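Beneath this line is the structure, given in structure tokens, with notes to follow.
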Amino acid sequence: MTLWGEIALDGARRSVTVQREYPATPAELWAALTEPERLARWIGRYQQTVDGFRLEMGGPDTDAVVDGRVLACDPGRRLLVSWRFSGDGETESRTELEATITEAGADRVLLTLTHRRVQAVTASVYGAGWQDVLTHLARELGGEATPQELDGYVGEAADPAAFDAALDEYRRDEAALVRATIERTGDRSAVALERLLDASVDEVWDALTLPDRVGRWLWPVVQWPDDPARERRLRTGDVMRLGDENVEGAVQELEVLDLQERAHLRFTWGDAAVSIRLEETRDGTLLSLVQDGVKDTLGAGRLRSAPDFAAGWHTLIDQLTLLLSGLTVPAPDRLWEAAYLVYAGE
């Protein structure tokens, strides 16, 4: 059995490819991929709907459902379906999942799963998730099964440690796809970052300038300028206070230095400044962020410098991406760790 996976850019979204080799014939693997009673043992309970299919993943009380439709079918070789996951009150955008089967020797086959148009940041979870699901499939094809799997797939990881390790690896790979650049001058480090966001300019501008949005990806709002109700947008000259007011030294004052509607926001950042520019493109909104050079500083008992600053902005834009897509991911604190490893390894 071999494990292999890859994550790649797909416009503002991502594609995830996972491969696994099995001791089976193409017909045996095809049956496991398409027969309802077998699907129930490794991925979920299948049922036909008026316009496609529904896949219920997990136990009876688990909110995890996929709605889809078969787009192309070449028995024994290729299956292409639309895929829309809903769970825990969140519904993802529609994606496409393709499974291809190729012979890999005597009574061995190679399964390649390619999941396209997956939302950024959550793509890493898909990569680790598919690696784990294919382990369940290996058991269905003749390997050792757990008692739970014999009674029907219950949505639990086949190997929790392997899932966590794969998730960390996918997160590092995804962070490296959209890495920021760092310019070092003396003891100061400037950061420049570009990210194509799967949202309109208006949606991104709201997230940059409205208090109920800013506080959900940048820092919590402690005080909004001249507006106790915290309802109006930022304006040039505004001073806002963001951070954690319960922690000494964790609240920062940021002054808006320049603001051009739906295009540019510049604000102070310590003794430097940060500029964010927006550009509408065919594939979404291109966000360009530049943090002026910031001096190395002591924090949490160690010297914080270029990798910390780059990982910090990288993670904040990850959080903005999640806000815009209306999604969450497991263990969000590990997003920073993955980004930091990318920049610290330069």
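Naming works like this for the structure tokens: A, B, ... for the chains as they're shown, residue 1 at the start of each chain, ligands 1 onward in shown order.
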**Item:** DSSP-assigned alpha helix (DSSP H) among range 182-245 of chain A, expressed as JSON, numbers by chain
**Value:** {"A": [201, 202, 203, 204, 205, 206, 207, 208, 209, 211, 212, 213, 214]}
**Prompt:** Skipping near chain neighbours, those fewer than 6 positions away, what residues fall within 12 Å of range 201-214 of chain A using only C-alpha atoms, listed as a ChimeraX atom specification?
**Reply:** /A:195,220-225,227-236,238,240-243,256,259-267,275-287,316-317,319-326
Contacts of Leu193 in chain A at 10 Å or less, counting only C-alpha atoms, minus same-chain residues fewer than 2 places along, as a PDB file with C-alpha atoms, in the first residue's frame?
ATOM      1  CA  VAL A 178       0.745  31.356  -1.387  1.00  0.00           C
ATOM      2  CA  ARG A 179       3.799  32.321   0.642  1.00  0.00           C
ATOM      3  CA  ALA A 180       4.568  35.961   1.380  1.00  0.00           C
ATOM      4  CA  THR A 181       7.922  37.555   0.553  1.00  0.00           C
ATOM      5  CA  ILE A 182      10.173  39.100   3.198  1.00  0.00           C
ATOM      6  CA  VAL A 191       6.359  41.631   4.398  1.00  0.00           C
ATOM      7  CA  ARG A 195      -3.809  36.335  -2.216  1.00  0.00           C
ATOM      8  CA  ILE A 276      -3.966  46.645   1.668  1.00  0.00           C
ATOM      9  CA  LEU A 287      -5.629  41.294  -2.245  1.00  0.00           C
ATOM     10  CA  SER A 288      -2.128  42.802  -2.012  1.00  0.00           C
ATOM     11  CA  LEU A 289      -0.764  43.491   1.476  1.00  0.00           C
ATOM     12  CA  VAL A 290       2.486  45.270   2.317  1.00  0.00           C
ATOM     13  CA  GLN A 291       3.740  45.685   5.876  1.00  0.00           C
ATOM     14  CA  ALA A 310       5.170  36.800   7.711  1.00  0.00           C
ATOM     15  CA  TRP A 313      -0.057  38.087   8.230  1.00  0.00           C
ATOM     16  CA  HIS A 314      -0.321  34.805   6.356  1.00  0.00           C
ATOM     17  CA  ILE A 317      -5.404  36.365   5.627  1.00  0.00           C
TER      18      ILE A 317
END
**Message:** Excluding range 11-26 of chain A and its own-chain neighbours fewer than 3 positions away, which residues fall within 8 Å of it when counting only C-alpha atoms? Please give them as a PyMOL selection string.
**Reply:** chain A and resi 1-8+29-30+76-77+101-104+107-120+123+126-127+130-131+134+138+141+196-198+283-284
**Message:** Calculated over only C-alpha atoms, which of the candidates A:Ala99, A:Ala199, A:Leu327, A:Val121 has the smallest distance to Ser86 in chain A?
**Reply:**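 Using only C-alpha atoms, the shortest distance to Ser86 in chain A belongs to A:Leu327.
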Please return as a JSON list (two decimals) with N, CA and C atoms, in the first residue's frame: the residues of range 60-256 of chain A that backbone DSSP assigns to strand (DSSP E).
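Written out: selection-v4.json:
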[["chain", "number", "residue", "atom", "x", "y", "z"],
["A", 64, "ALA", "N", -23.43, 15.53, 8.82],
["A", 64, "ALA", "CA", -22.39, 15.48, 7.79],
["A", 64, "ALA", "C", -23.00, 14.83, 6.55],
["A", 65, "VAL", "N", -23.35, 15.66, 5.56],
["A", 65, "VAL", "CA", -24.09, 15.18, 4.39],
["A", 65, "VAL", "C", -23.44, 15.73, 3.13],
["A", 66, "VAL", "N", -23.38, 14.89, 2.10],
["A", 66, "VAL", "CA", -22.94, 15.33, 0.77],
["A", 66, "VAL", "C", -24.10, 15.17, -0.19],
["A", 67, "ASP", "N", -24.41, 16.23, -0.92],
["A", 67, "ASP", "CA", -25.37, 16.18, -2.01],
["A", 67, "ASP", "C", -24.61, 16.31, -3.33],
["A", 68, "GLY", "N", -24.93, 15.44, -4.29],
["A", 68, "GLY", "CA", -24.18, 15.48, -5.53],
["A", 68, "GLY", "C", -24.95, 14.91, -6.70],
["A", 69, "ARG", "N", -24.25, 14.84, -7.82],
["A", 69, "ARG", "CA", -24.87, 14.34, -9.05],
["A", 69, "ARG", "C", -23.75, 13.72, -9.90],
["A", 70, "VAL", "N", -24.05, 12.61, -10.56],
["A", 70, "VAL", "CA", -23.06, 11.98, -11.44],
["A", 70, "VAL", "C", -22.97, 12.79, -12.72],
["A", 71, "LEU", "N", -21.75, 13.24, -13.03],
["A", 71, "LEU", "CA", -21.51, 14.06, -14.22],
["A", 71, "LEU", "C", -20.95, 13.24, -15.38],
["A", 72, "ALA", "N", -20.18, 12.20, -15.08],
["A", 72, "ALA", "CA", -19.61, 11.33, -16.11],
["A", 72, "ALA", "C", -19.31, 9.98, -15.49],
["A", 73, "CYS", "N", -19.48, 8.93, -16.29],
["A", 73, "CYS", "CA", -19.29, 7.58, -15.76],
["A", 73, "CYS", "C", -18.76, 6.67, -16.86],
["A", 74, "ASP", "N", -17.59, 6.09, -16.63],
["A", 74, "ASP", "CA", -16.99, 5.09, -17.52],
["A", 74, "ASP", "C", -16.69, 3.88, -16.64],
["A", 78, "ARG", "N", -13.55, 5.41, -14.72],
["A", 78, "ARG", "CA", -13.64, 6.82, -14.31],
["A", 78, "ARG", "C", -15.04, 7.16, -13.84],
["A", 79, "LEU", "N", -15.10, 7.94, -12.76],
["A", 79, "LEU", "CA", -16.36, 8.45, -12.22],
["A", 79, "LEU", "C", -16.15, 9.91, -11.83],
["A", 80, "LEU", "N", -17.01, 10.79, -12.32],
["A", 80, "LEU", "CA", -16.94, 12.21, -12.01],
["A", 80, "LEU", "C", -18.28, 12.64, -11.42],
["A", 81, "VAL", "N", -18.26, 13.26, -10.22],
["A", 81, "VAL", "CA", -19.48, 13.69, -9.57],
["A", 81, "VAL", "C", -19.33, 15.11, -9.06],
["A", 82, "SER", "N", -20.45, 15.82, -8.96],
["A", 82, "SER", "CA", -20.47, 17.08, -8.22],
["A", 82, "SER", "C", -20.57, 16.73, -6.75],
["A", 83, "TRP", "N", -20.08, 17.64, -5.89],
["A", 83, "TRP", "CA", -19.94, 17.31, -4.46],
["A", 83, "TRP", "C", -20.18, 18.58, -3.66],
["A", 84, "ARG", "N", -21.17, 18.55, -2.78],
["A", 84, "ARG", "CA", -21.41, 19.70, -1.91],
["A", 84, "ARG", "C", -21.64, 19.21, -0.49],
["A", 85, "PHE", "N", -20.70, 19.55, 0.39],
["A", 85, "PHE", "CA", -20.73, 19.06, 1.76],
["A", 85, "PHE", "C", -21.42, 20.06, 2.67],
["A", 86, "SER", "N", -22.26, 19.53, 3.59],
["A", 86, "SER", "CA", -22.89, 20.33, 4.63],
["A", 86, "SER", "C", -22.67, 19.64, 5.97],
["A", 87, "GLY", "N", -22.34, 20.44, 6.99],
["A", 87, "GLY", "CA", -22.15, 19.86, 8.31],
["A", 87, "GLY", "C", -21.95, 20.91, 9.36],
["A", 90, "GLU", "N", -22.75, 24.53, 8.48],
["A", 90, "GLU", "CA", -22.02, 25.16, 7.39],
["A", 90, "GLU", "C", -22.26, 24.39, 6.09],
["A", 91, "THR", "N", -22.40, 25.12, 4.98],
["A", 91, "THR", "CA", -22.54, 24.49, 3.67],
["A", 91, "THR", "C", -21.44, 25.02, 2.76],
["A", 95, "THR", "N", -18.27, 21.56, -5.45],
["A", 95, "THR", "CA", -16.97, 21.15, -5.96],
["A", 95, "THR", "C", -17.16, 19.97, -6.91],
["A", 96, "GLU", "N", -16.05, 19.46, -7.46],
["A", 96, "GLU", "CA", -16.10, 18.28, -8.31],
["A", 96, "GLU", "C", -15.10, 17.25, -7.83],
["A", 97, "LEU", "N", -15.53, 15.99, -7.78],
["A", 97, "LEU", "CA", -14.68, 14.89, -7.35],
["A", 97, "LEU", "C", -14.58, 13.89, -8.49],
["A", 98, "GLU", "N", -13.34, 13.58, -8.88],
["A", 98, "GLU", "CA", -13.11, 12.61, -9.95],
["A", 98, "GLU", "C", -12.31, 11.44, -9.42],
["A", 99, "ALA", "N", -12.77, 10.22, -9.73],
["A", 99, "ALA", "CA", -12.05, 9.01, -9.37],
["A", 99, "ALA", "C", -11.68, 8.28, -10.65],
["A", 100, "THR", "N", -10.39, 7.96, -10.80],
["A", 100, "THR", "CA", -9.94, 7.19, -11.95],
["A", 100, "THR", "C", -9.23, 5.94, -11.46],
["A", 101, "ILE", "N", -9.41, 4.84, -12.21],
["A", 101, "ILE", "CA", -8.83, 3.54, -11.87],
["A", 101, "ILE", "C", -7.90, 3.11, -13.00],
["A", 102, "THR", "N", -6.67, 2.76, -12.66],
["A", 102, "THR", "CA", -5.72, 2.23, -13.64],
["A", 102, "THR", "C", -5.07, 0.97, -13.07],
["A", 103, "GLU", "N", -4.74, 0.03, -13.94],
["A", 103, "GLU", "CA", -4.09, -1.19, -13.50],
["A", 103, "GLU", "C", -2.65, -0.90, -13.10],
["A", 109, "VAL", "N", -4.48, -2.34, -8.46],
["A", 109, "VAL", "CA", -5.02, -1.17, -9.15],
["A", 109, "VAL", "C", -4.60, 0.09, -8.42],
["A", 110, "LEU", "N", -4.53, 1.18, -9.17],
["A", 110, "LEU", "CA", -4.21, 2.48, -8.60],
["A", 110, "LEU", "C", -5.45, 3.36, -8.69],
["A", 111, "LEU", "N", -5.89, 3.85, -7.55],
["A", 111, "LEU", "CA", -7.03, 4.78, -7.49],
["A", 111, "LEU", "C", -6.49, 6.19, -7.33],
["A", 112, "THR", "N", -6.92, 7.08, -8.21],
["A", 112, "THR", "CA", -6.55, 8.50, -8.11],
["A", 112, "THR", "C", -7.82, 9.32, -7.89],
["A", 113, "LEU", "N", -7.88, 10.00, -6.76],
["A", 113, "LEU", "CA", -8.99, 10.91, -6.45],
["A", 113, "LEU", "C", -8.50, 12.34, -6.64],
["A", 114, "THR", "N", -9.23, 13.11, -7.43],
["A", 114, "THR", "CA", -8.91, 14.53, -7.61],
["A", 114, "THR", "C", -10.14, 15.35, -7.24],
["A", 115, "HIS", "N", -10.00, 16.15, -6.20],
["A", 115, "HIS", "CA", -11.10, 16.99, -5.71],
["A", 115, "HIS", "C", -10.80, 18.42, -6.13],
["A", 116, "ARG", "N", -11.60, 18.98, -7.03],
["A", 116, "ARG", "CA", -11.35, 20.29, -7.61],
["A", 116, "ARG", "C", -12.28, 21.35, -7.04],
["A", 117, "ARG", "N", -11.82, 22.61, -7.12],
["A", 117, "ARG", "CA", -12.61, 23.78, -6.73],
["A", 117, "ARG", "C", -12.93, 23.76, -5.23],
["A", 118, "VAL", "N", -12.03, 23.23, -4.42],
["A", 118, "VAL", "CA", -12.20, 23.22, -2.96],
["A", 118, "VAL", "C", -11.80, 24.58, -2.41],
["A", 181, "THR", "N", 6.50, 37.29, 0.72],
["A", 181, "THR", "CA", 7.92, 37.55, 0.55],
["A", 181, "THR", "C", 8.37, 38.48, 1.68],
["A", 182, "ILE", "N", 9.62, 38.34, 2.08],
["A", 182, "ILE", "CA", 10.17, 39.10, 3.20],
["A", 182, "ILE", "C", 11.39, 39.88, 2.71],
["A", 183, "GLU", "N", 11.44, 41.17, 3.04],
["A", 183, "GLU", "CA", 12.60, 41.99, 2.72],
["A", 183, "GLU", "C", 13.24, 42.45, 4.01],
["A", 184, "ARG", "N", 14.47, 42.06, 4.20],
["A", 184, "ARG", "CA", 15.19, 42.34, 5.44],
["A", 184, "ARG", "C", 16.14, 43.51, 5.25],
["A", 185, "THR", "N", 16.02, 44.55, 6.08],
["A", 185, "THR", "CA", 16.92, 45.70, 6.06],
["A", 185, "THR", "C", 17.36, 45.99, 7.49],
["A", 188, "ARG", "N", 15.12, 45.34, 10.63],
["A", 188, "ARG", "CA", 13.71, 45.51, 10.28],
["A", 188, "ARG", "C", 13.33, 44.57, 9.15],
["A", 189, "SER", "N", 12.08, 44.11, 9.20],
["A", 189, "SER", "CA", 11.58, 43.16, 8.19],
["A", 189, "SER", "C", 10.27, 43.66, 7.62],
["A", 190, "ALA", "N", 10.21, 43.78, 6.29],
["A", 190, "ALA", "CA", 8.98, 44.13, 5.60],
["A", 190, "ALA", "C", 8.38, 42.85, 5.00],
["A", 191, "VAL", "N", 7.06, 42.80, 4.91],
["A", 191, "VAL", "CA", 6.36, 41.63, 4.40],
["A", 191, "VAL", "C", 5.43, 42.06, 3.27],
["A", 192, "ALA", "N", 5.44, 41.31, 2.16],
["A", 192, "ALA", "CA", 4.52, 41.55, 1.05],
["A", 192, "ALA", "C", 3.80, 40.25, 0.73],
["A", 193, "LEU", "N", 2.51, 40.34, 0.56],
["A", 193, "LEU", "CA", 1.68, 39.14, 0.38],
["A", 193, "LEU", "C", 0.60, 39.43, -0.65],
["A", 194, "GLU", "N", 0.36, 38.48, -1.54],
["A", 194, "GLU", "CA", -0.75, 38.55, -2.49],
["A", 194, "GLU", "C", -1.60, 37.30, -2.33],
["A", 195, "ARG", "N", -2.90, 37.48, -2.35],
["A", 195, "ARG", "CA", -3.81, 36.33, -2.22],
["A", 195, "ARG", "C", -5.05, 36.59, -3.07],
["A", 196, "LEU", "N", -5.38, 35.64, -3.93],
["A", 196, "LEU", "CA", -6.61, 35.71, -4.71],
["A", 196, "LEU", "C", -7.73, 35.14, -3.86],
["A", 197, "LEU", "N", -8.74, 35.96, -3.58],
["A", 197, "LEU", "CA", -9.83, 35.58, -2.69],
["A", 197, "LEU", "C", -11.08, 35.25, -3.49],
["A", 221, "VAL", "N", -12.55, 43.72, 18.30],
["A", 221, "VAL", "CA", -12.71, 45.17, 18.44],
["A", 221, "VAL", "C", -12.93, 45.52, 19.90],
["A", 222, "VAL", "N", -12.05, 46.37, 20.42],
["A", 222, "VAL", "CA", -12.20, 46.88, 21.78],
["A", 222, "VAL", "C", -12.93, 48.21, 21.75],
["A", 223, "GLN", "N", -12.56, 49.07, 20.80],
["A", 223, "GLN", "CA", -13.21, 50.37, 20.68],
["A", 223, "GLN", "C", -13.20, 50.79, 19.21],
["A", 239, "VAL", "N", -9.19, 56.25, 14.57],
["A", 239, "VAL", "CA", -8.30, 55.47, 15.43],
["A", 239, "VAL", "C", -9.15, 54.39, 16.09],
["A", 240, "MET", "N", -8.80, 53.13, 15.84],
["A", 240, "MET", "CA", -9.54, 52.01, 16.44],
["A", 240, "MET", "C", -8.62, 51.27, 17.39],
["A", 241, "ARG", "N", -9.21, 50.61, 18.39],
["A", 241, "ARG", "CA", -8.45, 49.83, 19.35],
["A", 241, "ARG", "C", -8.89, 48.37, 19.21],
["A", 242, "LEU", "N", -7.90, 47.52, 18.92],
["A", 242, "LEU", "CA", -8.17, 46.11, 18.68],
["A", 242, "LEU", "C", -7.29, 45.25, 19.57],
["A", 243, "GLY", "N", -7.74, 44.05, 19.88],
["A", 243, "GLY", "CA", -6.94, 43.12, 20.66],
["A", 243, "GLY", "C", -7.72, 42.49, 21.78],
["A", 251, "VAL", "N", -3.70, 45.15, 23.64],
["A", 251, "VAL", "CA", -4.58, 46.04, 22.88],
["A", 251, "VAL", "C", -3.71, 47.04, 22.12],
["A", 252, "GLN", "N", -4.00, 47.17, 20.82],
["A", 252, "GLN", "CA", -3.22, 48.07, 19.96],
["A", 252, "GLN", "C", -4.13, 49.14, 19.37],
["A", 253, "GLU", "N", -3.58, 50.34, 19.22],
["A", 253, "GLU", "CA", -4.28, 51.42, 18.53],
["A", 253, "GLU", "C", -3.79, 51.49, 17.09],
["A", 254, "LEU", "N", -4.74, 51.47, 16.16],
["A", 254, "LEU", "CA", -4.42, 51.54, 14.74],
["A", 254, "LEU", "C", -5.12, 52.76, 14.15],
["A", 255, "GLU", "N", -4.34, 53.63, 13.50],
["A", 255, "GLU", "CA", -4.91, 54.81, 12.88],
["A", 255, "GLU", "C", -5.01, 54.61, 11.37],
["A", 256, "VAL", "N", -6.16, 54.97, 10.81],
["A", 256, "VAL", "CA", -6.36, 54.88, 9.36],
["A", 256, "VAL", "C", -5.67, 56.07, 8.70]]
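The spacing separating CA of Ala166 in chain A from CA of Gly44 in chain A amounts to 21.6 Å.
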